[in-house]
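run.csv (CSV, C-alpha atoms and all ligand atoms)
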```csv
chain,number,residue,atom,x,y,z
A,1,MET,CA,34.1,65.7,142.4
A,2,ARG,CA,37.0,68.1,142.7
A,3,GLN,CA,40.2,66.9,144.3
A,4,ALA,CA,42.1,68.6,147.2
A,5,LYS,CA,45.8,69.2,147.1
A,6,ILE,CA,48.5,70.7,149.3
A,7,LEU,CA,49.3,74.2,148.0
A,8,GLY,CA,52.0,75.4,150.4
A,9,VAL,CA,54.1,74.2,153.4
A,10,GLY,CA,55.7,76.0,156.3
A,11,MET,CA,57.6,75.1,159.4
A,12,GLN,CA,59.0,76.6,162.5
A,13,LEU,CA,61.4,75.2,165.1
A,14,PRO,CA,62.4,76.9,168.3
A,15,GLU,CA,65.9,78.5,168.2
A,16,ARG,CA,67.3,76.4,171.1
A,17,ILE,CA,69.0,73.2,170.0
A,18,VAL,CA,69.4,70.5,172.7
A,19,THR,CA,72.0,67.9,171.7
A,20,ASN,CA,72.2,64.4,173.2
A,21,LEU,CA,75.5,65.6,174.8
A,22,GLU,CA,73.5,68.3,176.7
A,23,LEU,CA,71.1,65.6,177.9
A,24,GLU,CA,74.1,63.4,178.8
A,25,SER,CA,75.4,66.2,181.0
A,26,MET,CA,72.3,66.1,183.2
A,27,PRO,CA,73.3,63.6,186.0
A,28,GLU,CA,69.7,62.9,187.1
A,29,LEU,CA,68.6,61.9,183.6
A,30,ASP,CA,71.3,59.2,183.4
A,31,THR,CA,71.5,58.8,179.7
A,32,THR,CA,74.2,58.9,177.0
A,33,ASP,CA,74.6,60.2,173.5
A,34,GLU,CA,75.6,56.7,172.4
A,35,TRP,CA,72.4,55.1,173.8
A,36,ILE,CA,70.1,57.6,172.2
A,37,GLN,CA,71.7,57.5,168.8
A,38,GLN,CA,71.9,53.7,168.7
A,39,ARG,CA,68.3,53.1,169.8
A,40,THR,CA,66.5,56.0,168.1
A,41,GLY,CA,68.7,57.8,165.5
A,42,ILE,CA,68.2,61.1,167.3
A,43,GLU,CA,71.2,63.5,167.7
A,44,ALA,CA,69.4,66.7,168.7
A,45,ARG,CA,66.0,68.3,169.2
A,46,HIS,CA,64.7,71.8,169.7
A,47,TYR,CA,63.2,73.2,172.9
A,48,THR,CA,61.1,76.4,173.2
A,49,ALA,CA,62.3,79.4,175.1
A,50,PRO,CA,60.6,80.1,178.5
A,51,GLY,CA,57.1,81.6,177.8
A,52,GLU,CA,57.2,80.6,174.1
A,53,SER,CA,53.8,79.0,173.3
A,54,GLY,CA,52.7,76.4,170.8
A,55,VAL,CA,50.8,79.1,168.9
A,56,ASP,CA,54.0,81.2,168.8
A,57,LEU,CA,55.5,78.4,166.8
A,58,ALA,CA,52.4,77.7,164.8
A,59,LEU,CA,52.0,81.3,163.6
A,60,PRO,CA,55.1,81.7,161.5
A,61,ALA,CA,54.7,78.1,160.1
A,62,ALA,CA,51.1,79.0,159.1
A,63,GLN,CA,52.2,82.4,157.6
A,64,GLU,CA,54.9,80.7,155.6
A,65,ALA,CA,52.5,77.9,154.3
A,66,ILE,CA,49.9,80.6,153.3
A,67,GLU,CA,52.6,82.6,151.5
A,68,LYS,CA,54.0,79.5,149.7
A,69,ALA,CA,50.5,78.7,148.6
A,70,GLY,CA,50.4,82.1,146.9
A,71,LEU,CA,47.6,83.2,149.1
A,72,THR,CA,47.0,85.7,151.9
A,73,PRO,CA,45.3,85.1,155.3
A,74,ASP,CA,42.1,86.5,153.8
A,75,ASP,CA,41.9,83.5,151.6
A,76,ILE,CA,41.8,80.9,154.5
A,77,ASP,CA,38.3,79.6,155.3
A,78,PHE,CA,39.0,77.2,158.1
A,79,ILE,CA,41.7,76.1,160.6
A,80,ILE,CA,42.5,72.5,161.7
A,81,TYR,CA,45.1,72.3,164.5
A,82,ALA,CA,46.5,69.0,165.6
A,83,THR,CA,48.4,68.9,168.9
A,84,LEU,CA,48.6,66.7,172.0
A,85,SER,CA,50.2,69.6,173.9
A,86,PRO,CA,47.8,72.5,173.7
A,87,ASP,CA,48.8,75.7,175.3
A,88,TYR,CA,45.8,75.4,177.7
A,89,PHE,CA,43.3,72.8,178.8
A,90,PHE,CA,40.7,74.8,176.9
A,91,PRO,CA,39.9,76.5,174.6
A,92,GLY,CA,41.8,74.7,171.8
A,93,ASN,CA,44.9,76.2,170.1
A,94,GLY,CA,42.9,76.7,166.9
A,95,CYS,CA,41.1,79.6,168.5
A,96,PHE,CA,44.3,81.3,169.7
A,97,LEU,CA,45.7,80.9,166.2
A,98,GLN,CA,42.6,82.4,164.7
A,99,ASP,CA,43.1,85.5,166.8
A,100,ARG,CA,46.8,85.8,165.9
A,101,LEU,CA,46.3,85.2,162.2
A,102,PHE,CA,42.9,86.8,161.5
A,103,GLY,CA,42.2,89.2,164.3
A,104,ASP,CA,38.6,90.5,163.9
A,105,ARG,CA,37.7,88.1,161.1
A,106,PRO,CA,36.0,85.0,162.7
A,107,VAL,CA,37.2,81.7,161.1
A,108,GLY,CA,36.1,78.2,162.2
A,109,ALA,CA,38.8,76.3,164.1
A,110,LEU,CA,38.9,72.6,165.0
A,111,ASP,CA,41.5,71.0,167.3
A,112,VAL,CA,42.4,67.4,166.6
A,113,ARG,CA,43.6,65.1,169.3
A,114,THR,CA,45.0,62.0,167.6
A,115,GLN,CA,48.6,62.5,168.7
A,116,CYS,CA,51.2,61.3,166.2
A,117,SER,CA,48.5,60.6,163.6
A,118,GLY,CA,47.0,64.0,164.1
A,119,PHE,CA,48.4,65.6,160.9
A,120,ILE,CA,47.0,62.8,158.7
A,121,TYR,CA,43.6,62.9,160.5
A,122,SER,CA,43.6,66.7,160.0
A,123,LEU,CA,44.6,66.5,156.3
A,124,THR,CA,41.9,63.9,155.7
A,125,THR,CA,39.2,66.0,157.4
A,126,ALA,CA,40.3,69.0,155.2
A,127,ASP,CA,40.3,66.8,152.1
A,128,CYS,CA,36.7,65.9,152.7
A,129,MET,CA,35.6,69.5,153.4
A,130,ILE,CA,37.3,70.7,150.2
A,131,LYS,CA,35.9,67.8,148.1
A,132,SER,CA,32.4,68.5,149.4
A,133,GLY,CA,32.7,72.1,148.5
A,134,LEU,CA,32.2,73.3,152.1
A,135,TYR,CA,35.5,75.2,152.1
A,136,ASP,CA,38.1,76.2,149.5
A,137,HIS,CA,41.3,76.8,151.5
A,138,ILE,CA,42.1,75.2,154.8
A,139,LEU,CA,45.1,75.8,157.0
A,140,ILE,CA,46.3,72.6,158.7
A,141,VAL,CA,48.8,72.9,161.6
A,142,GLY,CA,50.7,70.3,163.5
A,143,ALA,CA,52.5,71.8,166.5
A,144,GLU,CA,53.9,70.5,169.8
A,145,ILE,CA,55.7,71.7,172.9
A,146,HIS,CA,56.9,68.6,174.7
A,147,SER,CA,59.9,70.1,176.5
A,148,THR,CA,57.9,71.7,179.3
A,149,GLY,CA,56.2,68.4,180.2
A,150,LEU,CA,59.1,65.9,180.3
A,151,ASP,CA,60.5,64.1,183.3
A,152,PHE,CA,64.3,65.0,183.4
A,153,THR,CA,65.1,62.2,185.8
A,154,ARG,CA,66.0,58.5,185.3
A,155,ARG,CA,62.3,57.6,185.8
A,156,GLY,CA,61.3,59.4,182.5
A,157,ARG,CA,64.5,59.0,180.4
A,158,ASP,CA,63.0,56.6,177.9
A,159,VAL,CA,60.4,59.2,176.9
A,160,THR,CA,62.3,62.4,177.5
A,161,VAL,CA,65.2,61.7,175.1
A,162,ILE,CA,62.9,61.1,172.1
A,163,PHE,CA,60.7,64.2,172.1
A,164,GLY,CA,61.3,67.7,170.7
A,165,ASP,CA,59.3,70.8,170.0
A,166,GLY,CA,58.2,72.2,166.6
A,167,ALA,CA,55.5,73.2,164.2
A,168,GLY,CA,54.6,72.5,160.6
A,169,ALA,CA,51.7,73.8,158.6
A,170,VAL,CA,50.2,73.3,155.2
A,171,VAL,CA,47.4,75.0,153.2
A,172,ALA,CA,45.1,72.6,151.3
A,173,GLY,CA,42.9,73.7,148.5
A,174,PRO,CA,41.0,72.6,145.4
A,175,ALA,CA,42.8,71.0,142.5
A,176,PRO,CA,40.0,71.1,139.9
A,177,GLY,CA,40.1,68.9,136.9
A,178,ASP,CA,43.4,67.2,137.3
A,179,GLN,CA,44.8,63.9,138.6
A,180,SER,CA,46.9,65.5,141.3
A,181,GLY,CA,46.0,65.8,145.0
A,182,ILE,CA,45.0,63.6,147.9
A,183,LEU,CA,44.0,60.2,146.4
A,184,THR,CA,42.8,58.4,149.5
A,185,SER,CA,43.4,58.0,153.3
A,186,ALA,CA,42.8,55.5,156.0
A,187,LEU,CA,42.5,56.3,159.7
A,188,TYR,CA,42.4,54.0,162.7
A,189,SER,CA,42.4,53.9,166.5
A,190,GLU,CA,42.5,51.1,169.0
A,191,GLY,CA,41.8,52.4,172.5
A,192,LYS,CA,42.6,49.1,174.4
A,193,TYR,CA,46.2,50.3,174.1
A,194,ALA,CA,45.5,53.9,175.2
A,195,ARG,CA,47.4,53.4,178.5
A,196,GLU,CA,50.6,52.1,176.7
A,197,LEU,CA,51.5,55.7,175.8
A,198,TRP,CA,49.7,58.4,177.6
A,199,THR,CA,49.8,61.2,180.1
A,200,GLU,CA,47.3,60.4,182.9
A,201,TYR,CA,47.1,63.7,184.8
A,202,PRO,CA,45.6,66.3,185.0
A,203,ALA,CA,42.5,64.1,184.6
A,204,SER,CA,38.9,65.4,184.5
A,205,CYS,CA,37.7,61.9,185.5
A,206,ALA,CA,39.7,62.0,188.8
A,207,THR,CA,38.2,63.3,192.0
A,208,SER,CA,41.0,65.9,191.9
A,209,ARG,CA,42.5,66.8,188.5
A,210,LEU,CA,45.8,67.5,190.0
A,211,SER,CA,47.2,67.1,193.5
A,212,HIS,CA,50.6,67.3,195.3
A,213,ASP,CA,50.5,63.5,195.5
A,214,ILE,CA,50.1,63.2,191.7
A,215,LEU,CA,53.0,65.7,191.2
A,216,ASP,CA,55.2,63.9,193.7
A,217,GLN,CA,54.6,60.6,192.0
A,218,GLY,CA,55.3,62.1,188.5
A,219,LEU,CA,51.9,61.0,187.2
A,220,HIS,CA,51.6,64.1,185.1
A,221,TYR,CA,54.5,63.0,182.9
A,222,PRO,CA,54.1,60.9,179.7
A,223,LYS,CA,54.5,57.2,180.2
A,224,MET,CA,55.3,54.7,177.5
A,225,ASN,CA,55.6,51.0,176.9
A,226,GLY,CA,58.3,51.5,174.3
A,227,ARG,CA,58.7,47.9,173.2
A,228,MET,CA,54.9,47.5,172.6
A,229,VAL,CA,54.7,50.8,170.7
A,230,PHE,CA,57.7,49.8,168.6
A,231,LYS,CA,56.2,46.4,167.7
A,232,HIS,CA,52.7,47.7,166.9
A,233,ALA,CA,54.1,50.7,164.9
A,234,ILE,CA,55.9,48.5,162.4
A,235,THR,CA,52.9,46.2,161.9
A,236,ARG,CA,50.2,48.9,161.6
A,237,MET,CA,52.3,51.3,159.4
A,238,SER,CA,52.9,48.5,156.9
A,239,GLU,CA,49.3,47.3,157.0
A,240,VAL,CA,47.8,50.7,156.4
A,241,THR,CA,50.2,51.4,153.6
A,242,HIS,CA,49.0,48.3,151.8
A,243,GLU,CA,45.4,49.5,152.4
A,244,VAL,CA,45.9,52.9,150.7
A,245,LEU,CA,47.8,51.3,147.8
A,246,ASN,CA,45.2,48.6,147.3
A,247,LYS,CA,42.4,51.2,147.4
A,248,THR,CA,43.9,53.2,144.6
A,249,GLY,CA,45.3,50.3,142.5
A,250,HIS,CA,48.9,51.0,143.2
A,251,THR,CA,51.8,48.8,144.3
A,252,VAL,CA,54.7,49.6,146.6
A,253,ASP,CA,56.9,50.0,143.6
A,254,ASP,CA,54.8,53.0,142.5
A,255,ILE,CA,55.7,55.0,145.6
A,256,ASP,CA,58.3,57.7,144.9
A,257,VAL,CA,58.6,59.3,148.3
A,258,VAL,CA,57.6,58.3,151.9
A,259,LEU,CA,57.0,61.0,154.5
A,260,PRO,CA,56.7,58.9,157.6
A,261,HIS,CA,56.1,59.8,161.2
A,262,GLN,CA,59.4,60.4,163.0
A,263,ALA,CA,59.2,58.3,166.2
A,264,ASN,CA,62.3,56.3,165.9
A,265,LEU,CA,64.7,55.8,162.9
A,266,ARG,CA,64.7,52.1,163.5
A,267,ILE,CA,60.9,51.9,163.2
A,268,ASN,CA,61.1,53.6,159.8
A,269,GLN,CA,64.0,51.3,158.7
A,270,MET,CA,62.0,48.2,159.7
A,271,VAL,CA,58.8,49.5,157.9
A,272,ALA,CA,60.9,50.1,154.8
A,273,ALA,CA,62.2,46.5,155.0
A,274,GLN,CA,58.8,45.0,155.7
A,275,LEU,CA,57.2,46.8,152.8
A,276,GLY,CA,60.1,46.2,150.4
A,277,ILE,CA,60.5,50.0,149.7
A,278,PRO,CA,64.2,51.2,149.4
A,279,GLU,CA,65.2,53.3,152.5
A,280,LYS,CA,66.4,56.1,150.2
A,281,LYS,CA,62.7,56.8,149.4
A,282,PHE,CA,62.0,57.6,153.1
A,283,VAL,CA,62.6,61.2,154.2
A,284,ASN,CA,63.8,61.2,157.8
A,285,THR,CA,64.3,64.3,159.9
A,286,ILE,CA,64.5,62.6,163.3
A,287,SER,CA,68.2,63.1,163.8
A,288,TRP,CA,67.8,66.9,164.2
A,289,THR,CA,64.1,67.2,165.3
A,290,GLY,CA,63.5,64.2,167.6
A,291,ASN,CA,59.8,63.2,167.7
A,292,THR,CA,57.6,66.3,167.3
A,293,THR,CA,54.4,64.2,167.2
A,294,ALA,CA,51.7,66.0,165.1
A,295,ALA,CA,54.4,68.3,163.6
A,296,THR,CA,56.6,65.6,162.2
A,297,ILE,CA,55.0,65.0,158.9
A,298,PRO,CA,54.6,68.6,157.8
A,299,ILE,CA,58.2,69.2,158.9
A,300,CYS,CA,59.3,66.2,156.9
A,301,MET,CA,57.3,67.5,153.9
A,302,TYR,CA,59.0,70.9,154.2
A,303,ASP,CA,62.4,69.3,154.4
A,304,ALA,CA,61.7,67.1,151.3
A,305,LEU,CA,60.5,70.1,149.3
A,306,LYS,CA,63.5,72.2,150.4
A,307,ASN,CA,65.9,69.5,149.3
A,308,GLY,CA,64.3,68.7,146.0
A,309,ARG,CA,63.1,65.3,147.1
A,310,LEU,CA,59.5,66.0,146.4
A,311,LYS,CA,58.6,66.7,142.8
A,312,GLU,CA,55.5,67.3,140.8
A,313,ASN,CA,53.6,64.1,139.9
A,314,ASP,CA,55.4,62.0,142.6
A,315,LEU,CA,53.3,59.4,144.3
A,316,VAL,CA,53.8,60.3,148.0
A,317,LEU,CA,52.9,58.2,151.0
A,318,LEU,CA,52.2,59.8,154.4
A,319,VAL,CA,52.1,57.2,157.2
A,320,ALA,CA,52.0,57.5,161.0
A,321,PHE,CA,51.5,55.6,164.2
A,322,GLY,CA,51.2,56.8,167.8
A,323,SER,CA,49.4,57.2,171.1
A,324,GLY,CA,45.8,56.0,171.2
A,325,PHE,CA,46.9,53.7,169.6
A,326,THR,CA,46.2,55.6,166.4
A,327,TRP,CA,47.6,55.1,163.0
A,328,ALA,CA,46.9,56.5,159.5
A,329,ALA,CA,48.1,56.9,156.0
A,330,SER,CA,47.4,59.1,153.0
A,331,LEU,CA,48.4,58.7,149.4
A,332,ILE,CA,49.0,61.9,147.4
A,333,ARG,CA,49.8,62.5,143.7
A,334,TRP,CA,52.0,65.6,144.2
B,401,LIG,C1,62.0,54.0,173.7
B,401,LIG,C2,62.9,53.0,173.0
B,401,LIG,C3,63.9,53.8,172.2
B,401,LIG,C4,63.6,52.1,174.0
B,401,LIG,O1,64.4,51.2,173.3
B,401,LIG,P1,64.4,49.7,173.8
B,401,LIG,O2,65.5,49.0,173.0
B,401,LIG,O3,63.0,49.2,173.7
B,401,LIG,O4,64.9,49.8,175.3
B,401,LIG,P2,64.2,49.2,176.6
B,401,LIG,O5,63.0,50.1,176.9
B,401,LIG,O6,64.0,47.8,176.4
B,401,LIG,O7,65.3,49.5,177.6
B,401,LIG,C5,66.6,48.9,177.5
B,401,LIG,C6,67.5,49.5,178.6
B,401,LIG,O8,67.8,50.8,178.3
B,401,LIG,C7,67.5,51.7,179.4
B,401,LIG,N1,67.1,53.0,179.0
B,401,LIG,C8,65.8,53.4,178.7
B,401,LIG,N2,65.9,54.7,178.3
B,401,LIG,C9,67.2,55.1,178.3
B,401,LIG,C10,67.9,56.3,178.1
B,401,LIG,N3,67.3,57.4,177.6
B,401,LIG,N4,69.2,56.3,178.3
B,401,LIG,C11,69.9,55.2,178.7
B,401,LIG,N5,69.3,54.0,179.0
B,401,LIG,C12,68.0,54.0,178.8
B,401,LIG,C13,66.3,50.9,180.1
B,401,LIG,O9,66.3,51.3,181.5
B,401,LIG,C14,66.8,49.5,180.0
B,401,LIG,O10,67.8,49.2,180.9
B,401,LIG,P3,67.9,47.8,181.6
B,401,LIG,O11,68.1,46.8,180.5
B,401,LIG,O12,69.0,48.0,182.6
B,401,LIG,O13,66.5,47.6,182.3
B,401,LIG,C15,62.1,52.1,172.0
B,401,LIG,O14,61.4,51.2,172.7
B,401,LIG,C16,61.2,52.9,171.1
B,401,LIG,O15,61.6,53.7,170.3
B,401,LIG,N6,59.9,52.6,171.1
B,401,LIG,C17,58.9,53.3,170.4
B,401,LIG,C18,58.8,54.6,171.0
B,401,LIG,C19,57.9,55.5,170.1
B,401,LIG,O16,57.9,55.4,169.0
B,401,LIG,N7,57.3,56.4,170.8
B,401,LIG,C20,56.5,57.4,170.2
B,401,LIG,C21,55.4,56.8,169.5
B,401,LIG,S1,54.7,58.0,168.5
```
Would you encode the structure as structure tokens?
Ligand SMILES: CC(C)(COP(=O)(O)OP(=O)(O)OC[C@H]1O[C@@H](n2cnc3c(N)ncnc32)[C@H](O)[C@@H]1OP(=O)(O)O)[C@@H](O)C(=O)NCCC(=O)NCCS
Amino acid sequence: MRQAKILGVGMQLPERIVTNLELESMPELDTTDEWIQQRTGIEARHYTAPGESGVDLALPAAQEAIEKAGLTPDDIDFIIYATLSPDYFFPGNGCFLQDRLFGDRPVGALDVRTQCSGFIYSLTTADCMIKSGLYDHILIVGAEIHSTGLDFTRRGRDVTVIFGDGAGAVVAGPAPGDQSGILTSALYSEGKYARELWTEYPASCATSRLSHDILDQGLHYPKMNGRMVFKHAITRMSEVTHEVLNKTGHTVDDIDVVLPHQANLRINQMVAAQLGIPEKKFVNTISWTGNTTAATIPICMYDALKNGRLKENDLVLLVAFGSGFTWAASLIRW
């Protein structure tokens, strides 16, 4: 069976940089640069301009990934678009991206809703489609706009300070006859914790999807049990790493580079300690991106490539945890 590999990576962040000091200057938010840095490792994040959409960010990231893969849009057979913050309730962002990228050429587009694990779920889906021979070149996007949905008052400060906007994209394609490519993946969800990190409204299951009362109570903002997320993230990210290593006959010492989800620098430091992997093998972008959910891993990958931290033949671990709860890992021979 042919292998699938990542052929090109792209990224796009909105122009506007919002520092912790800017957040500190908002009296209603009641936060400080010191608190944010100490608890999360975040110094700044990017916010979209008014009217800028998720697809506006995804488009240049996708175009760059296609170009870096040495391909043109005509070579792309399918789109997988991971986001928890689609531009509209429906249709999915994949359809809007199809229009912007391909115009009159119809291309299949699948939106993936597994939050912070969305990129690994998408990559794994693409891997299976390529291995099976269904498609040759698949565009995988992770993109989010959080800034338009955050509660900039004390009530929402725990969530608001950690999220940022951004997009990352990769093109995956066949790697015939060699040992490189996506070796294996593992994907999980545990819905009993769904309400520990979620946005409840607008809700189709409610009598009224949205009401003045819901807005007044701020129930349309994301809510998080930070301590529970923190604890589960460390356990599950370590566990799923061991699983993909065991499945492929590798050990933690074989890993050259870790591209982890960027939720909190302290989570990644604790995962490194628990696994016994030196922290210098972890690529972290959180200080300047914040948590960009499905976009974090492709952004991290882009940064690692740009800085020469990801080289041919490296054994690369992708690992993520987030809302759902969902968690996932992939092991790649680069
Ligand atoms: C959110 C998080 C940074 C909070 O850190 P924590 O050490 O757990 O802090 P707590 O929630 O226990 O709150 C401690 C205090 O800080 C306060 N606080 C919370 N957010 C704050 C902010 N932005 N600025 C200042 N103070 C804040 C709390 O109100 C609380 O005050 P109190 O002691 O007077 O009640 C941390 O729990 C975390 O990162 N969790 C994982 C989040 C995550 O990964 N989410 C995305 C998953 S993909």
Compute the set of protein, DNA and RNA residues whose minimum atom distance to ligand LIG 401 (chain B) is at most 6 Å, using all atoms listed in the file, and state it as a list in words.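 Those within range of ligand LIG 401 (chain B) are Thr31, Thr32, Trp35, Arg39, Thr40, Cys116, Arg157, Asp158, Val161, Gly226, Arg227, Val229, Phe230, Ala263, Asn264, Phe321, Gly322 and Ser323 of chain A.
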Take the residues that were just selected and, keeping C-alpha atoms, output them as a PDB file, keeping the file's coordinate frame.
```pdb
ATOM      1  CA  THR A  31      71.500  58.800 179.700  1.00  0.00           C
ATOM      2  CA  THR A  32      74.200  58.900 177.000  1.00  0.00           C
ATOM      3  CA  TRP A  35      72.400  55.100 173.800  1.00  0.00           C
ATOM      4  CA  ARG A  39      68.300  53.100 169.800  1.00  0.00           C
ATOM      5  CA  THR A  40      66.500  56.000 168.100  1.00  0.00           C
ATOM      6  CA  CYS A 116      51.200  61.300 166.200  1.00  0.00           C
ATOM      7  CA  ARG A 157      64.500  59.000 180.400  1.00  0.00           C
ATOM      8  CA  ASP A 158      63.000  56.600 177.900  1.00  0.00           C
ATOM      9  CA  VAL A 161      65.200  61.700 175.100  1.00  0.00           C
ATOM     10  CA  GLY A 226      58.300  51.500 174.300  1.00  0.00           C
ATOM     11  CA  ARG A 227      58.700  47.900 173.200  1.00  0.00           C
ATOM     12  CA  VAL A 229      54.700  50.800 170.700  1.00  0.00           C
ATOM     13  CA  PHE A 230      57.700  49.800 168.600  1.00  0.00           C
ATOM     14  CA  ALA A 263      59.200  58.300 166.200  1.00  0.00           C
ATOM     15  CA  ASN A 264      62.300  56.300 165.900  1.00  0.00           C
ATOM     16  CA  PHE A 321      51.500  55.600 164.200  1.00  0.00           C
ATOM     17  CA  GLY A 322      51.200  56.800 167.800  1.00  0.00           C
ATOM     18  CA  SER A 323      49.400  57.200 171.100  1.00  0.00           C
TER      19      SER A 323
END
```
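In this comparison, which uses all atoms listed in the file, the residue of A:Ser208, A:Gln63, A:Ser147, A:Ser330 approaching Asp75 (chain A) most closely is A:Gln63.
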Neighbouring residues of Arg45 (chain A) were defined as those with any atom within 6 Å, considering only C-alpha atoms; residues of the same chain fewer than 6 positions away were excluded. Please report them as a JSON list (two decimals) with C-alpha atoms, in the frame of the given file.
```
[["chain", "number", "residue", "atom", "x", "y", "z"],
["A", 17, "ILE", "CA", 69.00, 73.20, 170.00],
["A", 18, "VAL", "CA", 69.40, 70.50, 172.70],
["A", 164, "GLY", "CA", 61.30, 67.70, 170.70],
["A", 288, "TRP", "CA", 67.80, 66.90, 164.20],
["A", 289, "THR", "CA", 64.10, 67.20, 165.30],
["A", 290, "GLY", "CA", 63.50, 64.20, 167.60]]
```
Taking all atoms listed in the file into account, name the residue in A:Arg16, A:His220, A:Lys231, A:Arg2 that is nearest to Cys128 (chain A).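 Of A:Arg16, A:His220, A:Lys231, A:Arg2, the one nearest Cys128 (chain A) is A:Arg2, counting all atoms listed in the file.
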Distance CA of Asn284 (chain A)-CA of Trp327 (chain A), one decimal place? 18.1 Å
Do you have the CA of Thr153 (chain A)-CA of Met224 (chain A) distance handy?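 Computed distance, CA of Thr153 (chain A) to CA of Met224 (chain A), equals 14.9 Å.
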Do you know which residues are at most 9 Å from Gly41 (chain A) counting all atoms listed in the file, after dropping those on the same chain fewer than 4 positions away, and could you put them as a PDB file with C-alpha atoms, keeping the file's coordinate frame?
```pdb
ATOM      1  CA  ILE A  36      70.100  57.600 172.200  1.00  0.00           C
ATOM      2  CA  GLN A  37      71.700  57.500 168.800  1.00  0.00           C
ATOM      3  CA  ASN A 264      62.300  56.300 165.900  1.00  0.00           C
ATOM      4  CA  LEU A 265      64.700  55.800 162.900  1.00  0.00           C
ATOM      5  CA  ARG A 266      64.700  52.100 163.500  1.00  0.00           C
ATOM      6  CA  ILE A 286      64.500  62.600 163.300  1.00  0.00           C
ATOM      7  CA  SER A 287      68.200  63.100 163.800  1.00  0.00           C
ATOM      8  CA  GLY A 290      63.500  64.200 167.600  1.00  0.00           C
TER       9      GLY A 290
END
```
Could you check which of A:Leu84, A:Val319, A:Ile332, A:Val283 is closest to Asn307 (chain A), using all atoms listed in the file?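 Of A:Leu84, A:Val319, A:Ile332, A:Val283, the one nearest Asn307 (chain A) is A:Val283, counting all atoms listed in the file.
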Residues within 10 Å of Leu245 (chain A), all atoms listed in the file, excluding chain neighbours under 6 positions, as a PyMOL selection string: chain A and resi 183-185+251-252+254-255+317+329-331
Suppose you want the space between CA of Thr114 (chain A) and CA of Thr148 (chain A); what is it in Å?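 Here the two named atoms are 19.9 Å from each other.
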Can I get C-alpha atoms for region 142-173 of chain A, as a PDB file, in the first residue's frame?
```pdb
ATOM      1  CA  GLY A 142      -6.937  24.305  10.221  1.00  0.00           C
ATOM      2  CA  ALA A 143      -8.240  27.843  10.722  1.00  0.00           C
ATOM      3  CA  GLU A 144      -9.968  29.762  13.494  1.00  0.00           C
ATOM      4  CA  ILE A 145     -11.392  33.139  14.362  1.00  0.00           C
ATOM      5  CA  HIS A 146     -11.835  33.301  18.116  1.00  0.00           C
ATOM      6  CA  SER A 147     -11.585  37.038  18.653  1.00  0.00           C
ATOM      7  CA  THR A 148     -15.134  37.845  17.504  1.00  0.00           C
ATOM      8  CA  GLY A 149     -16.615  35.397  20.046  1.00  0.00           C
ATOM      9  CA  LEU A 150     -14.780  36.157  23.271  1.00  0.00           C
ATOM     10  CA  ASP A 151     -16.135  37.681  26.470  1.00  0.00           C
ATOM     11  CA  PHE A 152     -13.976  40.739  27.192  1.00  0.00           C
ATOM     12  CA  THR A 153     -15.211  41.032  30.786  1.00  0.00           C
ATOM     13  CA  ARG A 154     -13.961  39.485  34.030  1.00  0.00           C
ATOM     14  CA  ARG A 155     -16.523  36.680  33.584  1.00  0.00           C
ATOM     15  CA  GLY A 156     -14.688  35.338  30.518  1.00  0.00           C
ATOM     16  CA  ARG A 157     -11.097  36.319  31.249  1.00  0.00           C
ATOM     17  CA  ASP A 158      -9.781  32.769  31.787  1.00  0.00           C
ATOM     18  CA  VAL A 159     -10.798  31.812  28.230  1.00  0.00           C
ATOM     19  CA  THR A 160     -10.349  35.170  26.510  1.00  0.00           C
ATOM     20  CA  VAL A 161      -6.639  35.601  27.257  1.00  0.00           C
ATOM     21  CA  ILE A 162      -5.644  32.233  25.786  1.00  0.00           C
ATOM     22  CA  PHE A 163      -7.192  32.305  22.319  1.00  0.00           C
ATOM     23  CA  GLY A 164      -5.932  33.839  19.075  1.00  0.00           C
ATOM     24  CA  ASP A 165      -6.868  33.796  15.382  1.00  0.00           C
ATOM     25  CA  GLY A 166      -4.919  32.164  12.569  1.00  0.00           C
ATOM     26  CA  ALA A 167      -4.750  29.595   9.797  1.00  0.00           C
ATOM     27  CA  GLY A 168      -2.408  26.800   8.778  1.00  0.00           C
ATOM     28  CA  ALA A 169      -2.624  24.471   5.791  1.00  0.00           C
ATOM     29  CA  VAL A 170      -0.836  21.469   4.381  1.00  0.00           C
ATOM     30  CA  VAL A 171      -1.047  19.450   1.186  1.00  0.00           C
ATOM     31  CA  ALA A 172      -0.770  15.692   1.623  1.00  0.00           C
ATOM     32  CA  GLY A 173      -0.050  13.356  -1.239  1.00  0.00           C
TER      33      GLY A 173
END
```
